[in-house]
Each structure stands twice: as C-alpha cells, then as structure tokens.
$ cat coords_37.cif   # mmCIF, C-alpha atoms and all ligand atoms
data_start
#
loop_
_atom_site.label_atom_id
_atom_site.label_comp_id
_atom_site.auth_asym_id
_atom_site.auth_seq_id
_atom_site.Cartn_x
_atom_site.Cartn_y
_atom_site.Cartn_z
CA MET A 1 23.36 -3.29 -50.06
CA ALA A 2 25.66 -5.74 -48.33
CA ASN A 3 29.40 -5.33 -48.23
CA LYS A 4 31.68 -8.34 -48.53
CA SER A 5 31.38 -9.35 -44.90
CA GLY A 6 27.62 -8.98 -44.85
CA GLY A 7 27.64 -5.71 -42.91
CA PRO A 8 24.93 -3.15 -43.44
CA SER A 9 25.55 -0.16 -45.67
CA VAL A 10 23.03 1.86 -43.69
CA PRO A 11 24.60 3.74 -40.78
CA GLY A 12 25.88 1.37 -38.09
CA LEU A 13 24.85 1.35 -34.47
CA SER A 14 27.85 3.50 -33.58
CA GLU A 15 26.87 6.27 -35.95
CA THR A 16 23.34 6.45 -34.65
CA ALA A 17 24.04 5.65 -31.05
CA SER A 18 23.28 8.92 -29.33
CA THR A 19 19.89 9.30 -30.99
CA THR A 20 19.11 5.65 -30.44
CA LEU A 21 19.97 5.58 -26.77
CA SER A 22 18.24 8.79 -25.77
CA ARG A 23 15.06 8.12 -27.72
CA SER A 24 14.75 4.54 -26.63
CA SER A 25 14.68 5.31 -22.92
CA THR A 26 11.03 6.40 -23.02
CA ALA A 27 10.12 3.31 -24.97
CA ALA A 28 11.64 1.11 -22.30
CA THR A 29 8.50 1.45 -20.25
CA SER A 30 6.72 -0.81 -22.75
CA ALA A 31 6.48 -4.49 -22.00
CA SER A 32 9.63 -6.47 -22.61
CA SER A 33 9.77 -8.23 -25.96
CA ALA A 34 6.12 -7.44 -26.52
CA ALA A 35 4.39 -9.22 -29.35
CA VAL A 36 3.31 -6.68 -31.88
CA SER A 37 0.22 -8.16 -33.39
CA ILE A 38 -1.59 -7.63 -30.11
CA PRO A 39 -5.08 -6.27 -30.57
CA ALA A 40 -6.40 -3.70 -28.08
CA PRO A 41 -7.39 -5.34 -24.78
CA SER A 42 -10.99 -6.50 -24.69
CA ALA A 43 -13.35 -5.80 -21.79
CA ALA A 44 -12.80 -9.35 -20.61
CA GLY A 45 -9.09 -8.74 -20.14
CA ALA A 46 -6.06 -8.25 -22.27
CA PRO A 47 -5.59 -11.06 -24.71
CA SER A 48 -1.94 -11.64 -25.31
CA GLU A 49 0.30 -13.17 -27.93
CA GLY A 50 -1.20 -14.74 -30.96
CA SER A 51 -4.85 -13.87 -30.50
CA GLY A 52 -6.60 -12.70 -33.61
CA ALA A 53 -8.42 -9.38 -33.62
CA GLY A 54 -12.03 -9.81 -34.63
CA ASP A 55 -11.97 -13.54 -34.07
CA PRO A 56 -14.40 -14.28 -31.24
CA CYS A 57 -12.85 -17.70 -30.64
CA ALA A 58 -9.37 -16.35 -30.15
CA VAL A 59 -9.79 -15.15 -26.57
CA ASP A 60 -11.48 -18.38 -25.50
CA LEU A 61 -8.64 -20.39 -26.97
CA LEU A 62 -6.18 -18.20 -25.17
CA ASP A 63 -7.95 -18.78 -21.88
CA VAL A 64 -7.72 -22.51 -22.49
CA ALA A 65 -4.04 -22.15 -23.29
CA ARG A 66 -3.48 -20.18 -20.08
CA VAL A 67 -5.18 -22.85 -18.01
CA ALA A 68 -3.06 -25.50 -19.71
CA GLN A 69 0.03 -23.45 -19.01
CA GLN A 70 -0.82 -23.17 -15.32
CA VAL A 71 -1.31 -26.90 -15.12
CA GLU A 72 2.12 -27.37 -16.66
CA THR A 73 3.81 -25.07 -14.20
CA GLU A 74 1.61 -25.89 -11.19
CA ARG A 75 3.96 -28.65 -10.09
CA PHE A 76 6.76 -26.07 -9.93
CA ARG A 77 5.03 -23.95 -7.27
CA GLY A 78 6.51 -23.93 -3.78
CA PRO A 79 9.80 -23.39 -2.02
CA GLY A 80 11.65 -26.30 -3.66
CA SER A 81 11.32 -24.86 -7.17
CA VAL A 82 13.44 -22.39 -9.05
CA ARG A 83 12.70 -20.23 -12.07
CA VAL A 84 15.49 -19.15 -14.39
CA VAL A 85 15.34 -16.74 -17.32
CA ALA A 86 17.26 -17.65 -20.48
CA PRO A 87 17.71 -14.54 -22.64
CA ALA A 88 18.22 -14.51 -26.40
CA LYS A 89 21.32 -12.94 -27.97
CA VAL A 90 22.33 -11.32 -31.21
CA ASN A 91 25.85 -11.09 -32.62
CA LEU A 92 26.76 -7.43 -33.16
CA PHE A 93 30.01 -8.60 -34.70
CA LEU A 94 30.95 -12.08 -35.90
CA ASP A 95 34.29 -12.72 -37.57
CA ILE A 96 34.75 -16.39 -38.40
CA GLY A 97 38.32 -17.35 -39.17
CA GLU A 98 40.31 -20.51 -39.89
CA VAL A 99 39.18 -24.06 -39.19
CA ARG A 100 41.04 -25.72 -36.32
CA SER A 101 42.10 -29.35 -36.18
CA ASP A 102 38.96 -30.22 -34.15
CA GLY A 103 36.74 -28.92 -36.97
CA TYR A 104 35.70 -25.79 -35.07
CA HIS A 105 36.45 -22.32 -36.46
CA GLU A 106 38.33 -19.50 -34.80
CA ALA A 107 35.88 -16.72 -34.02
CA VAL A 108 35.67 -13.21 -32.67
CA SER A 109 32.11 -12.81 -31.49
CA ILE A 110 30.59 -9.76 -29.81
CA MET A 111 27.22 -10.76 -28.45
CA HIS A 112 24.49 -8.72 -26.81
CA ALA A 113 21.71 -10.19 -24.67
CA LEU A 114 18.09 -9.24 -25.33
CA LEU A 115 14.98 -8.90 -23.18
CA LEU A 116 13.33 -11.68 -25.20
CA HIS A 117 13.78 -14.85 -23.15
CA ASP A 118 12.77 -18.43 -22.45
CA VAL A 119 11.86 -19.41 -18.89
CA LEU A 120 12.97 -22.64 -17.20
CA HIS A 121 11.17 -24.03 -14.14
CA LEU A 122 13.14 -26.66 -12.20
CA ARG A 123 12.58 -28.77 -9.10
CA LEU A 124 13.81 -31.99 -7.55
CA ALA A 125 11.34 -34.88 -7.49
CA PRO A 126 11.47 -38.39 -6.05
CA ALA A 127 13.65 -40.88 -7.91
CA ARG A 128 11.92 -42.83 -10.67
CA GLU A 129 14.76 -45.29 -11.02
CA ALA A 130 18.33 -45.75 -9.85
CA GLY A 131 20.52 -42.76 -10.63
CA LEU A 132 19.49 -39.49 -12.25
CA SER A 133 16.29 -39.04 -14.29
CA VAL A 134 15.51 -35.81 -16.13
CA ASP A 135 11.79 -35.22 -16.63
CA LEU A 136 11.60 -32.50 -19.28
CA THR A 137 8.55 -30.80 -20.79
CA CYS A 138 8.66 -27.94 -23.25
CA ARG A 139 5.95 -25.60 -24.53
CA SER A 140 6.41 -22.96 -27.21
CA ARG A 141 4.75 -19.57 -26.72
CA GLY A 142 4.33 -16.35 -28.68
CA GLY A 143 3.95 -17.81 -32.15
CA VAL A 144 7.16 -19.85 -31.88
CA ALA A 145 7.05 -23.24 -33.60
CA PRO A 146 7.03 -26.26 -31.26
CA LEU A 147 10.52 -27.58 -30.63
CA ASP A 148 11.04 -30.76 -32.61
CA VAL A 149 13.54 -32.34 -30.24
CA ALA A 150 13.08 -35.45 -28.06
CA PRO A 151 13.44 -34.71 -24.33
CA GLU A 152 16.61 -36.83 -24.08
CA ASP A 153 18.17 -34.85 -26.97
CA ASN A 154 17.19 -31.47 -25.58
CA ILE A 155 20.31 -29.53 -24.63
CA VAL A 156 18.69 -28.85 -21.24
CA THR A 157 18.66 -32.58 -20.44
CA LYS A 158 22.26 -32.85 -21.65
CA ALA A 159 23.27 -29.91 -19.44
CA VAL A 160 21.76 -31.46 -16.31
CA ARG A 161 23.30 -34.87 -17.00
CA ARG A 162 26.71 -33.51 -17.87
CA PHE A 163 26.78 -31.31 -14.77
CA ALA A 164 25.90 -34.30 -12.56
CA GLN A 165 28.83 -36.19 -14.14
CA ALA A 166 31.20 -33.27 -13.58
CA LEU A 167 30.17 -33.15 -9.91
CA GLU A 168 30.44 -36.95 -9.66
CA ARG A 169 26.98 -36.80 -8.17
CA ASP A 170 25.69 -40.26 -7.35
CA VAL A 171 22.12 -39.74 -6.11
CA ASP A 172 18.86 -41.44 -7.06
CA GLU A 173 16.70 -38.46 -8.01
CA THR A 174 14.58 -36.83 -10.67
CA VAL A 175 15.21 -33.31 -11.93
CA ALA A 176 11.91 -32.01 -13.34
CA VAL A 177 12.24 -29.16 -15.85
CA HIS A 178 9.63 -27.23 -17.82
CA VAL A 179 10.84 -24.93 -20.60
CA GLU A 180 8.66 -22.07 -21.84
CA LYS A 181 10.11 -21.33 -25.27
CA ARG A 182 9.70 -17.85 -26.68
CA ILE A 183 12.97 -17.88 -28.63
CA PRO A 184 12.67 -19.64 -31.99
CA ALA A 185 15.18 -22.44 -32.71
CA GLN A 186 17.77 -22.39 -35.50
CA ALA A 187 17.40 -18.65 -35.47
CA GLY A 188 20.88 -17.46 -34.54
CA LEU A 189 19.38 -16.18 -31.27
CA GLY A 190 21.13 -18.77 -29.10
CA GLY A 191 17.91 -20.13 -27.57
CA GLY A 192 19.24 -23.64 -27.02
CA SER A 193 22.56 -22.36 -25.67
CA SER A 194 20.80 -19.99 -23.28
CA ASP A 195 18.47 -22.75 -22.08
CA ALA A 196 21.55 -24.89 -21.38
CA ALA A 197 23.17 -22.09 -19.35
CA ALA A 198 19.91 -21.51 -17.48
CA ALA A 199 19.62 -25.23 -16.71
CA LEU A 200 23.13 -25.17 -15.21
CA VAL A 201 22.29 -22.12 -13.09
CA GLY A 202 19.02 -23.68 -11.91
CA VAL A 203 20.30 -27.14 -11.13
CA ALA A 204 23.38 -25.69 -9.38
CA ARG A 205 20.96 -23.94 -7.01
CA LEU A 206 18.91 -27.11 -6.48
CA TRP A 207 22.07 -29.10 -5.73
CA GLY A 208 23.60 -26.43 -3.49
CA VAL A 209 26.54 -25.70 -5.80
CA PRO A 210 27.84 -22.12 -5.47
CA GLU A 211 27.26 -19.89 -8.52
CA ASP A 212 30.99 -19.31 -8.96
CA ASP A 213 31.95 -23.01 -9.01
CA PRO A 214 34.32 -23.29 -12.02
CA ARG A 215 32.71 -26.57 -13.09
CA ILE A 216 29.63 -24.63 -14.22
CA GLU A 217 31.64 -22.78 -16.87
CA GLU A 218 33.60 -25.91 -17.85
CA VAL A 219 30.40 -27.82 -18.50
CA ALA A 220 28.92 -24.82 -20.32
CA ARG A 221 31.87 -24.78 -22.71
CA SER A 222 31.55 -28.52 -23.34
CA LEU A 223 27.90 -28.07 -24.37
CA GLY A 224 28.45 -25.49 -27.11
CA ALA A 225 30.55 -22.51 -28.14
CA ASP A 226 27.85 -19.97 -27.25
CA VAL A 227 26.82 -21.40 -23.87
CA PRO A 228 29.47 -19.59 -21.72
CA PHE A 229 28.25 -16.20 -23.00
CA PHE A 230 24.87 -16.71 -21.36
CA LEU A 231 26.42 -17.21 -17.91
CA ARG A 232 27.78 -13.68 -18.24
CA GLY A 233 25.22 -11.96 -20.49
CA GLY A 234 25.10 -8.23 -21.19
CA CYS A 235 27.42 -7.31 -24.03
CA ALA A 236 30.70 -9.20 -24.26
CA CYS A 237 33.45 -10.13 -26.68
CA PHE A 238 34.38 -13.81 -26.92
CA THR A 239 37.34 -15.30 -28.81
CA GLY A 240 38.67 -18.86 -29.22
CA VAL A 241 35.80 -20.59 -31.01
CA GLY A 242 33.45 -18.01 -29.49
CA ASP A 243 33.68 -19.65 -26.05
CA VAL A 244 36.56 -17.75 -24.39
CA PHE A 245 35.62 -14.54 -22.60
CA SER A 246 37.77 -11.63 -23.70
CA HIS A 247 36.15 -8.46 -22.32
CA GLU A 248 32.89 -6.78 -21.46
CA LEU A 249 31.40 -3.85 -23.32
CA ALA A 250 29.03 -1.27 -21.90
CA PRO A 251 25.58 -2.42 -22.97
CA SER A 252 23.14 -0.61 -25.21
CA ASN A 253 19.48 0.01 -24.37
CA ALA A 254 18.46 0.46 -28.00
CA CYS A 255 15.26 -1.10 -29.30
CA VAL A 256 15.36 -3.90 -31.81
CA ALA A 257 12.99 -5.67 -34.18
CA LEU A 258 13.76 -9.36 -34.71
CA ILE A 259 12.62 -10.76 -38.04
CA LYS A 260 12.80 -14.40 -39.00
CA PRO A 261 11.44 -15.96 -42.16
CA GLU A 262 10.08 -19.46 -42.15
CA GLY A 263 12.88 -21.99 -41.95
CA GLY A 264 15.97 -22.11 -39.84
CA VAL A 265 19.67 -22.40 -40.61
CA SER A 266 21.62 -25.26 -39.09
CA THR A 267 24.75 -23.83 -37.50
CA SER A 268 26.99 -26.65 -38.73
CA ALA A 269 25.60 -26.33 -42.28
CA ALA A 270 26.35 -22.60 -42.22
CA TYR A 271 29.95 -23.27 -41.19
CA ARG A 272 30.36 -25.93 -43.92
CA THR A 273 28.99 -23.57 -46.56
CA PHE A 274 31.28 -20.82 -45.27
CA ASP A 275 34.30 -23.10 -45.79
CA ALA A 276 33.48 -23.49 -49.47
CA CYS A 277 33.66 -19.72 -49.95
CA PRO A 278 35.09 -17.95 -46.88
CA GLN A 279 34.35 -14.24 -46.56
CA ARG A 280 36.76 -11.95 -44.75
CA ILE A 281 36.05 -8.91 -42.63
CA ALA A 282 38.08 -5.79 -43.37
CA PRO A 283 41.01 -5.46 -40.91
CA ALA A 284 39.93 -1.92 -39.99
CA ASP A 285 36.47 -3.19 -38.96
CA ARG A 286 38.02 -6.00 -36.95
CA ARG A 287 40.29 -3.51 -35.19
CA ALA A 288 37.35 -1.19 -34.46
CA ALA A 289 35.32 -4.11 -33.08
CA LEU A 290 38.15 -5.28 -30.83
CA ASP A 291 38.81 -1.73 -29.61
CA ALA A 292 35.14 -0.96 -28.89
CA ARG A 293 34.25 -0.70 -25.21
CA HIS A 294 30.62 0.24 -25.73
CA ALA A 295 28.08 -1.77 -27.71
CA ALA A 296 27.23 1.39 -29.64
CA ASP A 297 30.79 1.56 -31.03
CA VAL A 298 30.82 -1.93 -32.52
CA PRO A 299 30.69 -2.03 -36.33
CA LEU A 300 27.84 -4.37 -37.25
CA ARG A 301 29.45 -7.15 -39.31
CA ASN A 302 28.87 -10.86 -39.81
CA ASN A 303 30.92 -12.88 -42.28
CA LEU A 304 28.57 -15.90 -42.08
CA THR A 305 25.89 -13.86 -43.87
CA VAL A 306 26.77 -14.96 -47.41
CA ALA A 307 26.85 -18.65 -46.42
CA SER A 308 23.53 -18.53 -44.56
CA GLU A 309 21.88 -16.60 -47.38
CA GLN A 310 23.00 -19.33 -49.77
CA LEU A 311 21.32 -21.91 -47.55
CA LEU A 312 18.14 -19.85 -47.07
CA PRO A 313 17.85 -17.31 -49.90
CA VAL A 314 14.82 -15.54 -48.41
CA LEU A 315 17.21 -14.24 -45.74
CA ALA A 316 18.69 -11.81 -48.27
CA GLU A 317 15.18 -10.51 -48.93
CA VAL A 318 14.52 -10.05 -45.20
CA ARG A 319 17.82 -8.25 -44.71
CA ALA A 320 17.25 -5.98 -47.71
CA TRP A 321 13.70 -5.21 -46.57
CA ALA A 322 14.81 -4.38 -43.01
CA SER A 323 17.81 -2.34 -44.16
CA GLY A 324 15.62 -0.23 -46.41
CA HIS A 325 12.89 0.39 -43.84
CA ALA A 326 12.50 4.04 -42.84
CA ASP A 327 12.29 3.11 -39.12
CA VAL A 328 15.49 1.02 -39.17
CA GLN A 329 18.90 2.48 -38.40
CA ALA A 330 20.87 -0.67 -39.19
CA ALA A 331 20.09 -4.32 -39.84
CA LEU A 332 22.24 -7.45 -39.67
CA MET A 333 21.77 -11.20 -39.63
CA SER A 334 22.46 -12.67 -36.18
CA GLY A 335 24.91 -15.58 -35.88
CA SER A 336 24.25 -18.22 -38.51
CA GLY A 337 20.67 -16.92 -39.01
CA SER A 338 17.86 -17.14 -39.69
CA THR A 339 17.00 -13.99 -37.73
CA VAL A 340 17.78 -10.49 -38.92
CA PHE A 341 17.87 -7.86 -36.18
CA ALA A 342 16.98 -4.27 -36.96
CA VAL A 343 18.09 -1.48 -34.63
CA CYS A 344 15.33 1.13 -34.27
CA PRO A 345 15.17 4.58 -32.65
CA SER A 346 12.27 3.70 -30.32
CA PHE A 347 10.18 0.77 -29.15
CA ASP A 348 7.25 2.09 -31.18
CA ALA A 349 9.41 2.06 -34.30
CA ALA A 350 10.57 -1.51 -33.56
CA ALA A 351 6.95 -2.56 -33.03
CA ARG A 352 5.96 -0.99 -36.36
CA VAL A 353 8.76 -2.80 -38.16
CA ALA A 354 7.84 -6.09 -36.48
CA ALA A 355 4.13 -5.66 -37.31
CA GLN A 356 4.93 -5.02 -40.96
CA ALA A 357 7.28 -8.00 -41.05
CA GLN A 358 4.53 -10.20 -39.57
CA ALA A 359 2.17 -8.98 -42.28
CA ARG A 360 4.69 -10.39 -44.76
CA GLY A 361 4.39 -13.80 -43.12
CA TRP A 362 7.62 -13.61 -41.13
CA TRP A 363 7.95 -14.25 -37.39
CA ALA A 364 8.82 -10.94 -35.76
CA ARG A 365 9.13 -9.39 -32.30
CA ALA A 366 9.98 -6.01 -30.89
CA THR A 367 12.46 -6.19 -28.04
CA MET A 368 15.49 -4.38 -26.61
CA PHE A 369 19.14 -4.94 -25.86
CA ALA A 370 19.47 -5.62 -22.13
CA PRO A 371 22.17 -6.23 -19.48
CA VAL A 372 20.73 -9.64 -18.60
CA ARG A 373 22.08 -13.19 -18.34
CA ALA A 374 20.82 -16.68 -17.52
CA ALA A 375 19.74 -16.00 -13.95
CA MET A 376 17.37 -17.06 -11.22
CA VAL A 377 14.24 -15.02 -10.84
CA GLY A 378 13.46 -16.46 -7.44
CA ALA A 379 11.45 -19.33 -6.06
CA ARG A 380 7.68 -19.05 -6.11
C1 LIG A 401 27.14 -19.12 -35.16
C2 LIG A 401 27.07 -18.82 -33.70
C3 LIG A 401 27.48 -17.37 -33.46
O1 LIG A 401 27.23 -16.97 -32.13
O2 LIG A 401 25.79 -18.94 -33.10
P1 LIG A 401 24.33 -19.44 -33.62
O3 LIG A 401 24.02 -18.80 -34.91
O4 LIG A 401 24.38 -20.93 -33.72
O5 LIG A 401 23.37 -19.00 -32.54
C4 LIG A 401 28.04 -19.75 -32.90
O6 LIG A 401 29.32 -19.76 -33.47
C5 LIG A 401 27.56 -21.17 -32.79
O7 LIG A 401 27.67 -21.57 -31.48
P2 LIG A 401 26.82 -22.84 -30.94
O8 LIG A 401 25.42 -22.76 -31.45
O9 LIG A 401 27.03 -22.92 -29.48
O10 LIG A 401 27.54 -24.00 -31.73
P3 LIG A 401 28.03 -25.45 -31.26
O11 LIG A 401 26.84 -26.21 -30.77
O12 LIG A 401 29.22 -25.36 -30.37
O13 LIG A 401 28.51 -26.04 -32.66
C6 LIG A 401 27.62 -26.45 -33.67
C7 LIG A 401 28.46 -26.73 -34.91
O14 LIG A 401 28.90 -25.48 -35.48
C8 LIG A 401 30.23 -25.56 -35.94
N1 LIG A 401 31.05 -24.54 -35.27
C9 LIG A 401 30.59 -23.89 -34.16
C10 LIG A 401 31.33 -22.87 -33.60
C11 LIG A 401 32.60 -22.57 -34.17
N2 LIG A 401 33.37 -21.59 -33.66
N3 LIG A 401 33.04 -23.25 -35.25
C12 LIG A 401 32.28 -24.22 -35.81
O15 LIG A 401 32.69 -24.80 -36.81
C13 LIG A 401 30.69 -26.99 -35.68
O16 LIG A 401 30.45 -27.69 -36.87
C14 LIG A 401 29.73 -27.49 -34.62
O17 LIG A 401 29.52 -28.87 -34.73
N1 LIG A 402 16.23 -26.27 -25.54
C1 LIG A 402 16.46 -26.15 -26.85
N2 LIG A 402 16.06 -25.03 -27.48
C2 LIG A 402 16.32 -24.86 -28.81
N3 LIG A 402 16.92 -25.77 -29.58
C3 LIG A 402 17.34 -26.91 -29.00
C4 LIG A 402 17.12 -27.14 -27.63
N4 LIG A 402 17.64 -28.33 -27.36
C5 LIG A 402 18.17 -28.82 -28.48
N5 LIG A 402 17.99 -27.97 -29.48
C6 LIG A 402 18.49 -28.17 -30.88
O1 LIG A 402 19.48 -27.17 -31.13
C7 LIG A 402 19.31 -26.59 -32.41
C8 LIG A 402 19.83 -25.15 -32.40
O2 LIG A 402 18.98 -24.39 -31.59
P1 LIG A 402 19.25 -22.89 -31.13
O3 LIG A 402 20.34 -22.82 -30.14
O4 LIG A 402 17.95 -22.34 -30.63
O5 LIG A 402 19.61 -22.17 -32.47
P2 LIG A 402 20.82 -21.25 -32.89
O6 LIG A 402 22.07 -22.06 -32.67
O7 LIG A 402 20.58 -20.95 -34.32
O8 LIG A 402 20.77 -20.04 -32.05
C9 LIG A 402 17.81 -26.72 -32.68
O9 LIG A 402 17.52 -26.86 -34.04
C10 LIG A 402 17.42 -27.98 -31.93
O10 LIG A 402 17.50 -29.11 -32.78
#
$ encode --input "coords_37.cif" --output "structure tokens"
Amino acid sequence: MANKSGGPSVPGLSETASTTLSRSSTAATSASSAAVSIPAPSAAGAPSEGSGAGDPCAVDLLDVARVAQQVETERFRGPGSVRVVAPAKVNLFLDIGEVRSDGYHEAVSIMHALLLHDVLHLRLAPAREAGLSVDLTCRSRGGVAPLDVAPEDNIVTKAVRRFAQALERDVDETVAVHVEKRIPAQAGLGGGSSDAAAALVGVARLWGVPEDDPRIEEVARSLGADVPFFLRGGCACFTGVGDVFSHELAPSNACVALIKPEGGVSTSAAYRTFDACPQRIAPADRRAALDARHAADVPLRNNLTVASEQLLPVLAEVRAWASGHADVQAALMSGSGSTVFAVCPSFDAAARVAAQAQARGWWARATMFAPVRAAMVGAR
C-alpha cells in the first residue's frame, strides 16, 4: 500500500541493506543489465535479447540484426572515434516542492546510476556544409521501442550544437553520432538526459576540451535538470530544480528489476498534474534522506507518484504487483515514471521478477545499482 508520498510500505532499502548488499555480490558476476527472457544458448551461439525460444527464425533474424548493427557502427571504428556509455538512473528519493517563477519546481532528488546503459559512438567527419552539421543515427535494442524523435530534435544533437555555441567554435565540420538505445524513453530512467551528458563528454574529447572545463556542466544544466547528474553518476543528492549538486552518497551494489508498462509519462505533464494536487513528503523522511550518506540509508519516497499514476493508471498496478512480490524488498516509481524499480536480494531474484513482469506484457530488465557515469570507454 502506498503512503501519501508514494513510498513503499514494504521495508525500505535501508532496512534490508545488509542482506541485500552481501547477497548481491555473488550475483554481480552475471552480465550487466541482462535481458531475462533469454533462452539457453543454442549450439550455433548464444542468441541474445529478444530472440524467441522455440522459434527457428529468431536466431536468423538476430544474426541479420547483428550484421546491420555492425554496419551502423563500422564507420566509428578507428582511432578518431570515441565510445561513451550513458547509464540509466533511478530516483531513490524525490521530493518536489514549490513552483518557481520560471515554471520549474524546487526539488530534492537522490539519484542512483544503474548498469543499464545506452552507448554513443562519435567521430568527426568532413564538413557537409558551412558550419557545424550533426549526423545522428539511433537504433533501439533489447526490446526498447524505437525513439520517435527527429534527429534535429534529439537531445544529443542539441547537446553538440549548444556546446559548440558555448565554446564559440567556428569550424566547418560534421559530428557523426550513433546512439544504441537500451534505456526506454519517457520512463523516468533519464535516458535522454544521460545521452546528452554522454554526447558532451564525447564531443569534448573530439574537440580537445578538458573533462573539467566548467562549460561542460553549464551546458549540461541548460539542457535539462537531470543532465548534470550523469556527469557525476554514482549516487548523489541534487537540489535546486534537481540540477545543483549537493553531496555524494556511498553507492549500493544491490540488484534491481526495472518494470515498465506500455506507455510513457511526459515529465512536464507529471509536473502539471502534481500542481493540481501536490503531495508532501513527511518532514522526518526528508530529514532522513538529507542526512543519509549511504544509498542504503535513503528512505524510498517519490511525491510525483500520485500524479503519474493519475496519468497512467496501470502504473499503480505495476507498483502494487512489484511491492507484493516475494522476491522484492522494496519497490518505487522512478522520477515521473513510467518505470517502477524493485530492489531484490540477488540478481537471480531480480531476473525472476523481470521474467514474470515480461510475462504480464510489461517491459522489464534485471540490472544493478552501479558507481558509473557518462564516461568514455575508449577508442576502438
Ligand atoms: C522527474 C525527474 C526526476 O529526476 O526526472 P524524469 O522522470 O524526467 O527522468 C526530473 O525532475 C526531470 O528532469 P528532466 O527530465 O531533465 O526535465 P527537464 O527536461 O529539465 O524539464 C522537463 C519539464 O519538466 C518540468 N520540470 C522539470 C524539473 C523540475 N524541477 N521542475 C519542473 O517543473 C518543466 O515543466 C520542464 O519543462
Ligand atoms: N536521445 C534521446 N533519448 C530519449 N529521449 C529523447 C532523446 N532525445 C530526445 N528525447 C525526448 O525526450 C523525452 C524524454 O526522454 P527520457 O529522458 O528518456 O525520459 P525521462 O525524462 O522520463 O527519463 C522523450 O520522450 C523524447 O521525446
């Protein structure tokens, strides 16, 4: 049952932390963010995400998809290319407050990065026209719906363009970017924000801008409230409108099932709905969240839950299902939804929860909290 701020009534992460952390360490050897509907590997090789057990066509289609994928990333091979990971996040604690004069809301947001991530490939290419061109392609993977956003509107393109402006860069050039999307959009997992941070990290390297150049963070903040978090990653508390770093928390290595029903929640719609009926978080919970110095001590609360569940009622069903699952220690909606994250005692337990959620027709993944950020993974 939900309390007023949408927090779980099952024991919180803090109350189950020692069991969670010790048990999950063995599970960490499993693949990161592994899909859970994976059938046993066939003799021909291990089919991965999305292949159907018992369907003889599935492996062939996967092979075709792999070839297509290599073609897409082939042009990013070589010393002039960079690869950047863009991790997902969940909000362990989200306390939305008053609306400011600019329309944004005050927020205390404690976010934790996850192993689940998008990958950005970037390289410089010859100029196509005067000034900067951004040549962006995007491919969804792992059962994630294709991103319905024009390349010019993609936040990655905006990040590259805005960073060039901030640097007053006046060069005729093309920045080629390919985004492998494994994080669903409008999911409260910060996929777009993380891609934007990763684009800044990648293009800064291509343009020879040092990682600690303050313009990177300034541009990040201008792109969205959540973007600065991904430059830092791990577990961190942000205030302001969720964009001002307050302090770090020691990260958790607990395992998590992510469960998302069909349909997303628009962040701005969630905030508008919240304004019509604001929920408040108990002062004692807010104090405990602000005092926490370890992710495991943060009370799991989110006062956008009621608003998002009004916009997408099936979310309440997902949250109730996850909260009542025997393998789940605590469950909470992340951000403005539409993902519910369920903290589990082991990776196997998270995989079981995710498999059962998939059987209900929901997108689901088993993953882990991780001390990761938007970061280069080296040139190929
Ligand atoms: C709710 C949260 C929780 O982490 O994340 P998501 O669920 O979107 O991942 C964040 O507050 C979302 O941050 P982000 O996704 O970067 O939002 P932005 O692009 O900056 O803003 C989108 C819209 O949300 C509203 N907004 C956002 C942040 C905030 N503190 N107050 C707001 O009112 C504004 O209407 C804004 O136009
Ligand atoms: N690279 C991108 N990845 C995801 N969404 C993007 C991207 N670029 C633009 N968008 C837009 O941003 C919206 C919010 O996406 P996202 O950040 O993934 O969700 P959330 O804010 O719920 O975490 C999407 O619905 C989409 O229209």
$ residues_near_ligand --input "coords_37.cif" --ligand "ligand LIG 402 (chain A)" --cutoff "10 Å" --atoms "only C-alpha atoms and all ligand atoms" --output "PyMOL selection string"
chain A and resi 88-90+118+120+136+138+140+146-159+179-196+199+224-227+264-268+270+334-339
$ residues_around --input "coords_37.cif" --residues "Ala176 in chain A" --least-positions-apart "4" --cutoff "6 Å" --atoms "all atoms listed in the file" --output "list in words"
Leu122, Arg123, Val134, Asp135 and Leu136 of chain A
$ write_last_selection --input "coords_37.cif" --atoms "C-alpha atoms" --output "tab-separated table (two decimals), keeping the file's coordinate frame"
chain	number	residue	atom	x	y	z
A	122	LEU	CA	13.14	-26.66	-12.20
A	123	ARG	CA	12.58	-28.77	-9.10
A	134	VAL	CA	15.51	-35.81	-16.13
A	135	ASP	CA	11.79	-35.22	-16.63
A	136	LEU	CA	11.60	-32.50	-19.28
$ residues_around --input "coords_37.cif" --residues "Leu92 in chain A" --least-positions-apart "6" --cutoff "8 Å" --atoms "all atoms listed in the file" --output "short mmCIF file (atom, residue, chain, number, x, y, z; two decimals) with C-alpha atoms, keeping the file's coordinate frame"
data_model
loop_
_atom_site.label_atom_id
_atom_site.label_comp_id
_atom_site.auth_asym_id
_atom_site.auth_seq_id
_atom_site.Cartn_x
_atom_site.Cartn_y
_atom_site.Cartn_z
CA SER A 109 32.11 -12.81 -31.49
CA ILE A 110 30.59 -9.76 -29.81
CA MET A 111 27.22 -10.76 -28.45
CA HIS A 112 24.49 -8.72 -26.81
CA ALA A 295 28.08 -1.77 -27.71
CA VAL A 298 30.82 -1.93 -32.52
CA PRO A 299 30.69 -2.03 -36.33
CA LEU A 300 27.84 -4.37 -37.25
CA ARG A 301 29.45 -7.15 -39.31
CA ASN A 302 28.87 -10.86 -39.81
CA LEU A 332 22.24 -7.45 -39.67
CA SER A 334 22.46 -12.67 -36.18
#
$ closest_residue --input "coords_37.cif" --among "A:Glu106, A:Glu211, A:Asp327, A:Glu74" --to "ligand LIG 401 (chain A)" --atoms "only C-alpha atoms and all ligand atoms"
A:Glu106
$ atom_distance --input "coords_37.cif" --atom1 "CA of Gly97 in chain A" --atom2 "CA of Arg373 in chain A"
26.7 Å
